[in-house]
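**Student:** What follows is query08.txt; its format and atoms are compact mmCIF, N, CA and C atoms.
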# COMPACT_ATOMS: atom_id res chain seq x y z
N MET A 17 -0.18 33.75 1.40
CA MET A 17 0.65 32.89 0.58
C MET A 17 -0.23 32.23 -0.47
N THR A 18 0.30 32.05 -1.64
CA THR A 18 -0.42 31.30 -2.66
C THR A 18 0.22 29.93 -2.80
N GLY A 19 -0.47 29.07 -3.44
CA GLY A 19 0.01 27.72 -3.64
C GLY A 19 -1.17 26.77 -3.60
N ILE A 20 -0.85 25.50 -3.81
CA ILE A 20 -1.88 24.49 -3.88
C ILE A 20 -1.62 23.44 -2.82
N LEU A 21 -2.56 23.27 -1.92
CA LEU A 21 -2.46 22.24 -0.88
C LEU A 21 -3.00 20.94 -1.46
N VAL A 22 -2.18 19.88 -1.35
CA VAL A 22 -2.57 18.57 -1.88
C VAL A 22 -2.47 17.52 -0.77
N PRO A 23 -3.59 17.20 -0.13
CA PRO A 23 -3.58 16.09 0.82
C PRO A 23 -3.39 14.79 0.03
N PHE A 24 -2.43 13.98 0.43
CA PHE A 24 -2.09 12.79 -0.33
C PHE A 24 -2.03 11.59 0.60
N ASP A 25 -2.83 10.55 0.29
CA ASP A 25 -2.82 9.35 1.12
C ASP A 25 -2.40 8.10 0.35
N GLY A 26 -1.98 8.29 -0.90
CA GLY A 26 -1.54 7.17 -1.70
C GLY A 26 -2.65 6.46 -2.45
N SER A 27 -3.90 6.84 -2.23
CA SER A 27 -5.02 6.20 -2.93
C SER A 27 -5.05 6.64 -4.40
N LYS A 28 -5.81 5.89 -5.20
CA LYS A 28 -5.90 6.26 -6.62
C LYS A 28 -6.53 7.63 -6.79
N HIS A 29 -7.46 8.00 -5.91
CA HIS A 29 -8.08 9.32 -6.01
C HIS A 29 -7.09 10.43 -5.65
N SER A 30 -6.26 10.20 -4.64
CA SER A 30 -5.28 11.23 -4.29
C SER A 30 -4.20 11.34 -5.37
N LEU A 31 -3.90 10.23 -6.03
CA LEU A 31 -2.95 10.27 -7.14
C LEU A 31 -3.51 11.10 -8.30
N LYS A 32 -4.78 10.91 -8.61
CA LYS A 32 -5.42 11.73 -9.65
C LYS A 32 -5.42 13.20 -9.24
N ALA A 33 -5.71 13.47 -7.97
CA ALA A 33 -5.70 14.85 -7.48
C ALA A 33 -4.31 15.46 -7.61
N LEU A 34 -3.28 14.68 -7.33
CA LEU A 34 -1.91 15.17 -7.47
C LEU A 34 -1.62 15.54 -8.93
N HIS A 35 -2.09 14.72 -9.87
CA HIS A 35 -1.88 15.03 -11.29
C HIS A 35 -2.59 16.34 -11.67
N VAL A 36 -3.81 16.51 -11.21
CA VAL A 36 -4.54 17.75 -11.49
C VAL A 36 -3.81 18.94 -10.85
N ALA A 37 -3.36 18.78 -9.62
CA ALA A 37 -2.64 19.86 -8.94
C ALA A 37 -1.34 20.21 -9.68
N CYS A 38 -0.64 19.20 -10.19
CA CYS A 38 0.57 19.46 -10.97
C CYS A 38 0.24 20.24 -12.24
N ASP A 39 -0.86 19.86 -12.90
CA ASP A 39 -1.29 20.61 -14.10
C ASP A 39 -1.53 22.07 -13.76
N LEU A 40 -2.25 22.31 -12.67
CA LEU A 40 -2.53 23.69 -12.25
C LEU A 40 -1.25 24.43 -11.87
N ALA A 41 -0.37 23.75 -11.15
CA ALA A 41 0.88 24.38 -10.74
C ALA A 41 1.73 24.76 -11.95
N GLU A 42 1.76 23.90 -12.95
CA GLU A 42 2.51 24.20 -14.18
C GLU A 42 1.90 25.40 -14.90
N LYS A 43 0.59 25.37 -15.05
CA LYS A 43 -0.09 26.42 -15.82
C LYS A 43 0.00 27.78 -15.14
N TYR A 44 -0.17 27.80 -13.81
CA TYR A 44 -0.22 29.07 -13.10
C TYR A 44 1.04 29.36 -12.29
N GLU A 45 2.09 28.57 -12.53
CA GLU A 45 3.37 28.75 -11.85
C GLU A 45 3.20 28.83 -10.34
N ASN A 46 2.51 27.84 -9.81
CA ASN A 46 2.25 27.75 -8.39
C ASN A 46 3.10 26.67 -7.75
N LYS A 47 3.18 26.71 -6.46
CA LYS A 47 3.91 25.72 -5.68
C LYS A 47 2.92 24.76 -5.04
N LEU A 48 3.29 23.49 -4.95
CA LEU A 48 2.47 22.50 -4.26
C LEU A 48 2.92 22.36 -2.82
N PHE A 49 1.96 22.13 -1.96
CA PHE A 49 2.22 21.80 -0.56
C PHE A 49 1.63 20.42 -0.33
N LEU A 50 2.49 19.43 -0.17
CA LEU A 50 2.05 18.04 -0.02
C LEU A 50 1.82 17.73 1.44
N LEU A 51 0.70 17.10 1.73
CA LEU A 51 0.29 16.85 3.11
C LEU A 51 -0.14 15.40 3.29
N TYR A 52 0.33 14.78 4.36
CA TYR A 52 -0.14 13.46 4.75
C TYR A 52 -0.68 13.55 6.16
N ILE A 53 -1.82 12.92 6.39
CA ILE A 53 -2.44 12.92 7.71
C ILE A 53 -2.41 11.51 8.27
N ILE A 54 -1.81 11.37 9.44
CA ILE A 54 -1.82 10.09 10.14
C ILE A 54 -3.11 10.05 10.93
N GLN A 55 -4.02 9.18 10.49
CA GLN A 55 -5.35 9.13 11.10
C GLN A 55 -5.30 8.45 12.46
N LEU A 56 -5.86 9.12 13.43
CA LEU A 56 -5.96 8.60 14.79
C LEU A 56 -7.36 8.90 15.30
N ASP A 57 -7.92 7.97 16.05
CA ASP A 57 -9.22 8.20 16.67
C ASP A 57 -9.05 9.08 17.90
N ALA A 58 -9.96 10.02 18.07
CA ALA A 58 -9.93 10.90 19.24
C ALA A 58 -10.49 10.16 20.44
N PRO A 59 -10.04 10.45 21.62
CA PRO A 59 -8.89 11.28 21.93
C PRO A 59 -7.60 10.50 21.69
N PHE A 60 -6.52 11.23 21.38
CA PHE A 60 -5.26 10.56 21.12
C PHE A 60 -4.11 11.41 21.66
N GLU A 61 -3.01 10.76 21.86
CA GLU A 61 -1.75 11.41 22.22
C GLU A 61 -0.78 11.13 21.08
N LEU A 62 0.14 12.02 20.83
CA LEU A 62 1.11 11.78 19.78
C LEU A 62 1.95 10.53 20.07
N SER A 63 2.05 10.18 21.34
CA SER A 63 2.78 8.96 21.70
C SER A 63 2.03 7.71 21.22
N ASP A 64 0.75 7.86 20.82
CA ASP A 64 -0.02 6.74 20.29
C ASP A 64 0.43 6.37 18.87
N VAL A 65 1.17 7.25 18.21
CA VAL A 65 1.58 7.01 16.83
C VAL A 65 2.77 6.05 16.83
N SER A 66 2.59 4.95 16.16
CA SER A 66 3.65 3.95 16.11
C SER A 66 4.75 4.37 15.14
N PRO A 67 5.96 3.86 15.35
CA PRO A 67 7.04 4.13 14.39
C PRO A 67 6.68 3.63 12.98
N GLU A 68 5.92 2.54 12.92
CA GLU A 68 5.50 2.01 11.62
C GLU A 68 4.58 2.99 10.90
N ALA A 69 3.71 3.65 11.65
CA ALA A 69 2.81 4.63 11.04
C ALA A 69 3.60 5.79 10.45
N HIS A 70 4.62 6.26 11.16
CA HIS A 70 5.47 7.34 10.63
C HIS A 70 6.24 6.88 9.41
N LYS A 71 6.76 5.68 9.46
CA LYS A 71 7.52 5.14 8.32
C LYS A 71 6.61 5.02 7.10
N ASN A 72 5.40 4.51 7.29
CA ASN A 72 4.44 4.39 6.21
C ASN A 72 4.09 5.77 5.64
N ALA A 73 3.86 6.74 6.51
CA ALA A 73 3.53 8.10 6.08
C ALA A 73 4.67 8.69 5.25
N GLN A 74 5.89 8.49 5.70
CA GLN A 74 7.05 9.01 4.96
C GLN A 74 7.17 8.37 3.59
N THR A 75 6.92 7.08 3.52
CA THR A 75 6.99 6.37 2.24
C THR A 75 5.94 6.91 1.28
N ILE A 76 4.73 7.09 1.76
CA ILE A 76 3.64 7.56 0.89
C ILE A 76 3.88 8.98 0.42
N ILE A 77 4.27 9.87 1.32
CA ILE A 77 4.45 11.27 0.91
C ILE A 77 5.67 11.42 -0.01
N ARG A 78 6.67 10.56 0.16
CA ARG A 78 7.81 10.58 -0.76
C ARG A 78 7.38 10.22 -2.19
N LYS A 79 6.41 9.30 -2.30
CA LYS A 79 5.90 8.95 -3.63
C LYS A 79 5.29 10.17 -4.31
N ALA A 80 4.55 10.96 -3.55
CA ALA A 80 3.97 12.19 -4.10
C ALA A 80 5.08 13.16 -4.50
N ALA A 81 6.10 13.26 -3.68
CA ALA A 81 7.21 14.17 -3.98
C ALA A 81 7.94 13.76 -5.25
N VAL A 82 8.14 12.46 -5.42
CA VAL A 82 8.82 11.97 -6.63
C VAL A 82 8.00 12.32 -7.87
N LYS A 83 6.70 12.14 -7.79
CA LYS A 83 5.83 12.46 -8.93
C LYS A 83 5.85 13.96 -9.24
N ALA A 84 5.80 14.79 -8.21
CA ALA A 84 5.86 16.24 -8.42
C ALA A 84 7.21 16.65 -9.01
N LYS A 85 8.27 16.06 -8.48
CA LYS A 85 9.62 16.38 -8.98
C LYS A 85 9.74 15.95 -10.44
N HIS A 86 9.21 14.78 -10.77
CA HIS A 86 9.24 14.28 -12.15
C HIS A 86 8.52 15.25 -13.10
N ARG A 87 7.47 15.88 -12.62
CA ARG A 87 6.72 16.85 -13.43
C ARG A 87 7.41 18.21 -13.48
N GLY A 88 8.44 18.40 -12.66
CA GLY A 88 9.15 19.67 -12.65
C GLY A 88 8.44 20.76 -11.86
N VAL A 89 7.57 20.35 -10.95
CA VAL A 89 6.77 21.29 -10.17
C VAL A 89 7.48 21.58 -8.84
N ASP A 90 7.48 22.83 -8.45
CA ASP A 90 8.04 23.24 -7.16
C ASP A 90 7.09 22.75 -6.06
N PHE A 91 7.65 22.20 -4.97
CA PHE A 91 6.81 21.68 -3.90
C PHE A 91 7.54 21.72 -2.57
N ASP A 92 6.74 21.68 -1.52
CA ASP A 92 7.22 21.48 -0.15
C ASP A 92 6.42 20.34 0.45
N ILE A 93 7.06 19.57 1.30
CA ILE A 93 6.36 18.54 2.06
C ILE A 93 6.09 19.14 3.44
N LEU A 94 4.83 19.20 3.81
CA LEU A 94 4.45 19.76 5.10
C LEU A 94 4.64 18.73 6.21
N ASP A 95 4.78 19.23 7.43
CA ASP A 95 4.81 18.34 8.58
C ASP A 95 3.51 17.55 8.62
N PHE A 96 3.59 16.32 9.12
CA PHE A 96 2.40 15.49 9.21
C PHE A 96 1.38 16.14 10.14
N GLU A 97 0.11 15.93 9.79
CA GLU A 97 -0.99 16.25 10.68
C GLU A 97 -1.47 14.93 11.26
N TYR A 98 -2.17 15.01 12.39
CA TYR A 98 -2.61 13.80 13.09
C TYR A 98 -4.09 13.92 13.42
N GLY A 99 -4.78 12.76 13.40
CA GLY A 99 -6.18 12.74 13.81
C GLY A 99 -7.12 12.64 12.64
N ASP A 100 -8.17 13.43 12.67
CA ASP A 100 -9.21 13.44 11.66
C ASP A 100 -8.69 14.09 10.37
N PRO A 101 -8.88 13.44 9.21
CA PRO A 101 -8.36 14.01 7.97
C PRO A 101 -8.87 15.42 7.67
N ALA A 102 -10.16 15.65 7.80
CA ALA A 102 -10.69 16.99 7.50
C ALA A 102 -10.08 18.04 8.41
N ALA A 103 -9.99 17.73 9.69
CA ALA A 103 -9.40 18.68 10.65
C ALA A 103 -7.94 18.95 10.31
N GLY A 104 -7.22 17.91 9.91
CA GLY A 104 -5.81 18.08 9.55
C GLY A 104 -5.63 18.94 8.32
N ILE A 105 -6.48 18.72 7.32
CA ILE A 105 -6.41 19.52 6.10
C ILE A 105 -6.74 20.98 6.39
N LEU A 106 -7.77 21.19 7.18
CA LEU A 106 -8.15 22.57 7.53
C LEU A 106 -7.07 23.26 8.36
N ALA A 107 -6.44 22.53 9.27
CA ALA A 107 -5.36 23.11 10.08
C ALA A 107 -4.18 23.51 9.19
N ALA A 108 -3.82 22.65 8.28
CA ALA A 108 -2.72 22.97 7.36
C ALA A 108 -3.09 24.16 6.48
N SER A 109 -4.34 24.21 6.04
CA SER A 109 -4.80 25.31 5.21
C SER A 109 -4.73 26.64 5.96
N LYS A 110 -5.11 26.64 7.21
CA LYS A 110 -5.04 27.88 8.01
C LYS A 110 -3.59 28.34 8.17
N ARG A 111 -2.69 27.36 8.29
CA ARG A 111 -1.28 27.67 8.50
C ARG A 111 -0.63 28.24 7.24
N ILE A 112 -0.85 27.60 6.09
CA ILE A 112 -0.13 28.02 4.88
C ILE A 112 -0.92 28.95 3.96
N LYS A 113 -2.23 29.03 4.18
CA LYS A 113 -3.10 29.91 3.40
C LYS A 113 -2.94 29.71 1.88
N PRO A 114 -3.26 28.50 1.39
CA PRO A 114 -3.14 28.25 -0.05
C PRO A 114 -4.26 28.96 -0.82
N SER A 115 -4.03 29.12 -2.12
CA SER A 115 -5.10 29.67 -2.96
C SER A 115 -6.10 28.59 -3.33
N THR A 116 -5.64 27.33 -3.29
CA THR A 116 -6.48 26.20 -3.72
C THR A 116 -6.13 24.95 -2.93
N ILE A 117 -7.13 24.12 -2.68
CA ILE A 117 -6.93 22.77 -2.15
C ILE A 117 -7.43 21.81 -3.22
N VAL A 118 -6.57 20.88 -3.62
CA VAL A 118 -6.96 19.86 -4.59
C VAL A 118 -6.85 18.53 -3.86
N MET A 119 -7.99 17.84 -3.73
CA MET A 119 -7.97 16.59 -2.98
C MET A 119 -8.80 15.52 -3.65
N GLY A 120 -8.41 14.29 -3.40
CA GLY A 120 -9.15 13.16 -3.92
C GLY A 120 -10.42 12.95 -3.13
N CYS A 121 -11.40 12.38 -3.81
CA CYS A 121 -12.68 12.04 -3.19
C CYS A 121 -12.82 10.53 -3.26
N ARG A 122 -13.13 9.92 -2.17
CA ARG A 122 -13.20 8.47 -2.15
C ARG A 122 -14.46 7.93 -2.80
N GLY A 123 -15.42 8.79 -3.11
CA GLY A 123 -16.59 8.35 -3.84
C GLY A 123 -17.65 7.64 -3.02
N LEU A 124 -17.87 8.10 -1.79
CA LEU A 124 -18.95 7.54 -1.00
C LEU A 124 -20.28 7.81 -1.67
N THR A 125 -21.22 6.91 -1.50
CA THR A 125 -22.55 7.15 -2.04
C THR A 125 -23.20 8.28 -1.26
N ALA A 126 -24.26 8.84 -1.81
CA ALA A 126 -24.96 9.93 -1.12
C ALA A 126 -25.49 9.47 0.23
N ALA A 127 -25.98 8.23 0.29
CA ALA A 127 -26.51 7.72 1.56
C ALA A 127 -25.40 7.60 2.60
N ASP A 128 -24.23 7.08 2.19
CA ASP A 128 -23.10 6.97 3.11
C ASP A 128 -22.64 8.35 3.58
N ALA A 129 -22.61 9.30 2.66
CA ALA A 129 -22.15 10.64 3.01
C ALA A 129 -23.07 11.28 4.05
N GLU A 130 -24.37 11.03 3.93
CA GLU A 130 -25.31 11.58 4.90
C GLU A 130 -25.09 10.97 6.29
N ILE A 131 -24.74 9.71 6.33
CA ILE A 131 -24.54 9.04 7.61
C ILE A 131 -23.16 9.34 8.19
N PHE A 132 -22.13 9.20 7.37
CA PHE A 132 -20.76 9.28 7.87
C PHE A 132 -20.09 10.62 7.61
N GLY A 133 -20.54 11.36 6.59
CA GLY A 133 -19.85 12.58 6.20
C GLY A 133 -18.58 12.20 5.45
N THR A 134 -17.94 13.15 4.82
CA THR A 134 -16.70 12.90 4.12
C THR A 134 -15.73 14.01 4.44
N ALA A 135 -14.44 13.68 4.33
CA ALA A 135 -13.42 14.70 4.58
C ALA A 135 -13.55 15.83 3.58
N SER A 136 -13.77 15.49 2.30
CA SER A 136 -13.86 16.55 1.30
C SER A 136 -15.04 17.47 1.56
N ARG A 137 -16.14 16.90 1.96
CA ARG A 137 -17.32 17.72 2.25
C ARG A 137 -17.06 18.69 3.40
N ALA A 138 -16.44 18.20 4.45
CA ALA A 138 -16.11 19.06 5.59
C ALA A 138 -15.12 20.14 5.20
N VAL A 139 -14.11 19.77 4.41
CA VAL A 139 -13.12 20.75 3.98
C VAL A 139 -13.79 21.82 3.12
N PHE A 140 -14.63 21.38 2.18
CA PHE A 140 -15.27 22.35 1.29
C PHE A 140 -16.17 23.31 2.05
N GLU A 141 -16.80 22.85 3.10
CA GLU A 141 -17.68 23.71 3.88
C GLU A 141 -16.92 24.74 4.70
N HIS A 142 -15.69 24.42 5.12
CA HIS A 142 -14.99 25.28 6.07
C HIS A 142 -13.73 25.94 5.54
N ALA A 143 -13.21 25.50 4.41
CA ALA A 143 -11.99 26.09 3.88
C ALA A 143 -12.25 27.51 3.41
N GLU A 144 -11.21 28.32 3.48
CA GLU A 144 -11.33 29.72 3.08
C GLU A 144 -10.74 29.96 1.70
N CYS A 145 -10.61 28.90 0.89
CA CYS A 145 -10.04 29.04 -0.43
C CYS A 145 -10.82 28.16 -1.40
N THR A 146 -10.44 28.22 -2.66
CA THR A 146 -11.05 27.37 -3.68
C THR A 146 -10.70 25.92 -3.39
N CYS A 147 -11.68 25.03 -3.56
CA CYS A 147 -11.46 23.60 -3.34
C CYS A 147 -11.87 22.82 -4.58
N ILE A 148 -11.03 21.85 -4.94
CA ILE A 148 -11.32 21.00 -6.07
C ILE A 148 -11.26 19.55 -5.60
N SER A 149 -12.32 18.81 -5.89
CA SER A 149 -12.39 17.39 -5.54
C SER A 149 -12.20 16.58 -6.82
N VAL A 150 -11.34 15.57 -6.74
CA VAL A 150 -11.02 14.75 -7.90
C VAL A 150 -11.43 13.31 -7.60
N LYS A 151 -12.18 12.74 -8.55
CA LYS A 151 -12.61 11.34 -8.38
C LYS A 151 -12.15 10.52 -9.57
Please go through the file and, once you have read it, give me the structure as structure tokens.

**Tutor:**
Amino acid sequence: MTGILVPFDGSKHSLKALHVACDLAEKYENKLFLLYIIQLDAPFELSDVSPEAHKNAQTIIRKAAVKAKHRGVDFDILDFEYGDPAAGILAASKRIKPSTIVMGCRGLTAADAEIFGTASRAVFEHAECTCISVK
């Protein structure tokens, strides 16, 4: 399957990534796959997810959908992923097999990235498609 996977968390970086993904989708007539990850610390059970967390996730991903719809871009909203953001993005990528992942980068310093790692770094190392980081 082709398309563009866009992990969206409502941050300014994910909003910029959504705009870039919309530009690419318009230019190459691609479809967007919008993804929200409900972050949970391992180990977790799905019963650990509060109704408020689901409501918040729905509100945030709807904002992305409204922006994509306003741009006239074809899109699907994927089922939520849970847990670690990088793992969730990679799981969604394996499932839908996009041609590209466009994601925001939170802009950690090099020192922080060495200590903590970043979701984008992990995704870029393990994804089987083109990855674009937007800051």

**Student:** If we count only N, CA and C atoms and set the cut-off at 8 Å, which residues sit around Glu45 in chain A, ignoring sequence neighbours fewer than 5 positions away in its own chain? Please answer as a VMD selection string.

**Tutor:** chain A and resid 19 39 to 40 90

**Student:** One decimal, Å: what's the distance from atom C of Lys28 in chain A over to atom N of Cys145 in chain A, could you say?

**Tutor:**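 Going from atom C of Lys28 in chain A over to atom N of Cys145 in chain A covers 23.0 Å.
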
**Student:** Separation of CA of Ser149 in chain A and CA of Glu68 in chain A, in Å?

**Tutor:** 29.2 Å

**Student:** Just to confirm, what's the straight-line distance from CA of Leu34 in chain A to CA of Val22 in chain A in Å (one decimal)?

**Tutor:**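 The value is 6.6 Å.
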
**Student:** Counting only N, CA and C atoms, note down every residue that has an atom within 6.5 Å of the point (-9.4, 24.2, -0.7) (file coordinates), as an NGL selection string.

**Tutor:** :A and (115-118 or 139-140 or 143-148)
